[in-house]
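Participant: One structure, as structure tokens, below. Some questions next.
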Amino acid sequence: MAAIEAMEAGVDAIVLEKTGKLGGTSVCSTGFAGIQSQQQIDAGVADYTVDSAFRELMDFCKWRANGPLVYNILKVSGPNADRLQAYWNQTEDPGVTKAGVTAHDTGKGTRKFDVLYRQFLEPAGINVMLETTAKHLIVEDGTVVGVEAEKQDGTKVTVRAKKTLVCTGGFGGNDEMLRKYIGHDNFYLNGLSSNVGDGVNMCMEIGAILSDEVSPHLAEFCSNKKVDFYAGYMKFMNQAGSLALDPSGERFVNEEFFVTQALSYGASALRRVGFAYLVFTQEQLDAMTEKGLYGVLSEETIDSLKLRARILVPSYYTLQDEMAVALEAGEAWKADTLEDLGVAIGFADQEIYQKNIQDYMTVLETGEDPLFGKRSDMMPPLSEGPFYAVRVISAIDGTYNGIRVNENLQAVNGDYQPISGLYVAGQDSGGFFSYPYYEGVGWTQGYAWNSGSVAAKHMIASIQEG
Ligand SMILES: Cc1cc2nc3c(=O)[nH]c(=O)nc-3n(C[C@H](O)[C@H](O)[C@H](O)COP(=O)(O)OP(=O)(O)OC[C@H]3O[C@@H](n4cnc5c(N)ncnc54)[C@H](O)[C@@H]3O)c2cc1C
């Protein structure tokens, strides 16, 4: 988006990209958020105004996000969706295939970016240097005047620029930084392992500071480092409302949140306990293998959950094989009785586990969950064995909230004053989000793209003002 702004304004720009491909984490992403785009209006889903979306996001995070920044992002998000689509309309890539209340679905992959670079940006003179890693910012008289970089073959590159925009995607791939800023690295990384915090470190090196609540971008599915549940259907096991227990054998969450408020409440609860055990029966495993989620939940329940199509496939046909791998790896357990299951898992205090199982049996019998309030149509029974438990941890797409920025995406120093010449966008920058993640679709990518746009508009205006 920043390069598009530069191209449209006739300003010279150089894009440095560490890997051999353009698009970054956005190639993994399904869509981006925008408010009141023409596409939403045409689809009859322009329910939000910028003002109402603003209030909803700020209420959700109890005003911990940077209000003026949030507003600036929302304001450009609809027009930017339309602008991008106008470019895509001139290419072979369809761009947005479906507009929802916030989301604009593009589908995953690099093509949506490749066409923009090849057909518009590069012909207009935007210089793209692949396999070129930015290393350090160059500062002269307190102003950032460019960046030192290195090509993969070791060649040094110095770029001098009137303004510099840092957007290297956060530090989900850097375990040391995860431990330092988030407390631990017990996450399954779903995003780019090459996003190792270069931008955040470069900015801090010259006096920029971190924003509040630097956070893991928790993904909706649980996973596990030893068994690649992402390769199959095991990642959907937590969509069925199965009992979840913390490492001591205690129930810790309304399990329905793993589906209904997956990225916020569900993911946060799982992050807090570190890891969890999902408990289910052979019958449920068989039913899901045969019919997917329809094997355990009613159609009415599934309809009310508004799940994505990829979850609602007609069978999870590799589920038994995945379970066999998990059992073999010591990440899943099987027993004929629930009591034996607790022993097999090896809870330090079996009484805690037994008490929680007994309480949950009462929940299942009565269909009422006085403590957590789980809905009764998401309570798969635990009446007959064999029983299984599988251990799950939080997955992350990366991190969000990095360098503290103002509403124009200018990095600020310890006195909260803009650092001359330096802008930060995307998940390297902090203030748009708080923790937990907004419960809506497309905000991280929506923020990444629109923050590039807002930053570049400000950079260009101040260059043009001289
Ligand atoms: C599987 C998955 C699904 C997702 N789905 C969605 C979704 O549907 N909706 C949504 O809103 N969000 C989604 N996200 C999140 C979203 O894709 C990211 O938050 C967003 O793309 C981040 O954008 P960014 O520009 O901050 O970082 P990136 O897109 O990662 O861009 C950073 C770029 O900087 C490069 N780089 C790193 N270090 C350097 C350096 N030193 N020098 C030069 N270049 C460097 C990287 O290689 C990368 O290309 C998903 C993420 C994942 C992993």
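Going by the structure tokens order, chains are called A, B, ..., each with residues numbered from 1, while ligands are numbered from 1 in the order shown.
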List as a ChimeraX atom specification the protein and nucleic acid residues lying within 7 Å of ligand 1, with only C-alpha atoms and all ligand atoms counted.

Facilitator: /A:16-19,22-33,132-135,167-170,190-192,194-199,397-398,425-428,441-446,448-449

Participant: Run DSSP on the backbone and tell me which residues of stretch 228-455 of chain A come out as strand (DSSP E); list them as a PyMOL selection string.

Facilitator: chain A and resi 243-245+275-281+332-335+387-400+403-404+410-412+418-424+429-430

Participant: For the selection just defined, write its residues with C-alpha atoms to a file, as a compact mmCIF listing (two decimals), in the first residue's frame.

Facilitator:
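Generated file (out_5.txt):
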# COMPACT_ATOMS: atom_id res chain seq x y z
CA LEU A 243 -14.15 -30.81 27.51
CA ALA A 244 -10.87 -28.89 27.95
CA LEU A 245 -8.68 -29.30 31.04
CA PHE A 275 -1.50 -25.95 27.29
CA ALA A 276 -4.70 -27.94 27.59
CA TYR A 277 -6.05 -31.44 27.20
CA LEU A 278 -9.11 -31.95 25.02
CA VAL A 279 -11.14 -34.98 26.12
CA PHE A 280 -13.45 -36.91 23.80
CA THR A 281 -14.68 -40.42 23.07
CA ALA A 332 -2.37 -38.06 23.09
CA TRP A 333 -3.65 -40.75 25.44
CA LYS A 334 -6.31 -43.45 25.21
CA ALA A 335 -8.02 -45.41 28.01
CA PHE A 387 -11.73 -42.13 25.84
CA TYR A 388 -9.02 -39.95 24.37
CA ALA A 389 -7.17 -36.86 25.48
CA VAL A 390 -4.96 -34.80 23.22
CA ARG A 391 -2.64 -32.01 24.31
CA VAL A 392 -2.95 -28.67 22.54
CA ILE A 393 -1.04 -25.40 22.73
CA SER A 394 -1.69 -21.97 21.25
CA ALA A 395 -0.83 -21.37 17.65
CA ILE A 396 0.30 -17.91 16.58
CA ASP A 397 0.25 -16.18 13.23
CA GLY A 398 3.06 -13.95 14.46
CA THR A 399 3.06 -11.02 16.86
CA TYR A 400 1.37 -7.65 16.88
CA ILE A 403 7.09 -0.01 18.12
CA ARG A 404 4.92 2.72 19.60
CA GLN A 410 5.54 7.94 13.09
CA ALA A 411 7.72 6.06 15.57
CA VAL A 412 7.99 7.92 18.87
CA PRO A 418 8.05 11.55 16.70
CA ILE A 419 11.47 10.39 15.59
CA SER A 420 12.21 12.49 12.52
CA GLY A 421 12.10 10.53 9.26
CA LEU A 422 10.95 7.21 10.77
CA TYR A 423 7.59 5.49 10.24
CA VAL A 424 6.58 1.98 11.25
CA SER A 429 3.99 -1.05 14.91
CA GLY A 430 1.85 -0.76 18.00

Participant: Counting only C-alpha atoms, figure out which residue out of A:Val70, A:Val15, A:Ser223, A:Leu189 gets nearest to A:Gly146.

Facilitator: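 Of all the options, A:Val15 lies closest to A:Gly146.
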
Participant: Which neighbours of stretch 298-313 of chain A fall inside 10 Å, counting only C-alpha atoms, when residues of the same chain fewer than 5 positions from it are skipped, and could you give them as a PyMOL selection string?

Facilitator: chain A and resi 233+235-236+239-240+256+259-260+291-293+375+377-378

Participant: For atom CA of A:His104 and atom CA of A:Tyr316, determine how far apart the two atoms are, in Å to one decimal place.

Facilitator: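 Result for atom CA of A:His104 versus atom CA of A:Tyr316: 27.5 Å, one decimal.
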
Participant: Considering only C-alpha atoms, can you say which of A:Lys180, A:Lys21, A:His136, A:Lys163 comes closest to A:Phe113?

Facilitator: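 Among the listed residues, A:Lys21 lies closest to A:Phe113.
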
Participant: Considering only C-alpha atoms, state which residue in the set A:Asp321, A:His184, A:Val343, A:Gly241 is at the smallest distance from A:Val227.

Facilitator: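 Nearest to A:Val227: A:Asp321.
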
Participant: Grab the atom CA of A:Thr158 to atom CA of A:Ile138 distance for me, in Å with one decimal place.

Facilitator: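 Computing the Euclidean distance for atom CA of A:Thr158 and atom CA of A:Ile138 yields 8.9 Å.
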
Participant: In terms of the shortest atom-to-atom distance over only C-alpha atoms, which of A:Gly154, A:Gly274, A:Gly385, A:Gly266 is closest to A:Pro436?

Facilitator: A:Gly266

Participant: Which residues are near A:Thr366? Cut-off 10 Å, only C-alpha atoms, ignore same chain within fewer than 5 positions. Put them as number ranges by chain.

Facilitator: A: 360-361, 376

Participant: Okay, now the selection with N, CA and C atoms, as an mmCIF file, in the first residue's frame?

Facilitator:
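Printed below is part.cif as written:
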data_model
loop_
_atom_site.group_PDB
_atom_site.id
_atom_site.type_symbol
_atom_site.label_atom_id
_atom_site.label_comp_id
_atom_site.auth_asym_id
_atom_site.auth_seq_id
_atom_site.Cartn_x
_atom_site.Cartn_y
_atom_site.Cartn_z
ATOM 1 N N TYR A 360 -18.130 -32.084 35.635
ATOM 2 C CA TYR A 360 -18.499 -31.950 34.224
ATOM 3 C C TYR A 360 -19.585 -32.966 33.833
ATOM 4 N N MET A 361 -19.542 -34.147 34.504
ATOM 5 C CA MET A 361 -20.593 -35.145 34.250
ATOM 6 C C MET A 361 -21.949 -34.575 34.649
ATOM 7 N N SER A 376 -25.885 -25.679 25.817
ATOM 8 C CA SER A 376 -26.130 -27.113 25.977
ATOM 9 C C SER A 376 -26.008 -27.882 24.667
#

Participant: List the neighbours of A:Val50 out to 10 Å using only C-alpha atoms; skip same-chain residues closer than 2 positions along the sequence, and give me the result as a PyMOL selection string.

Facilitator: chain A and resi 34-36+47-48+52-56+71-78
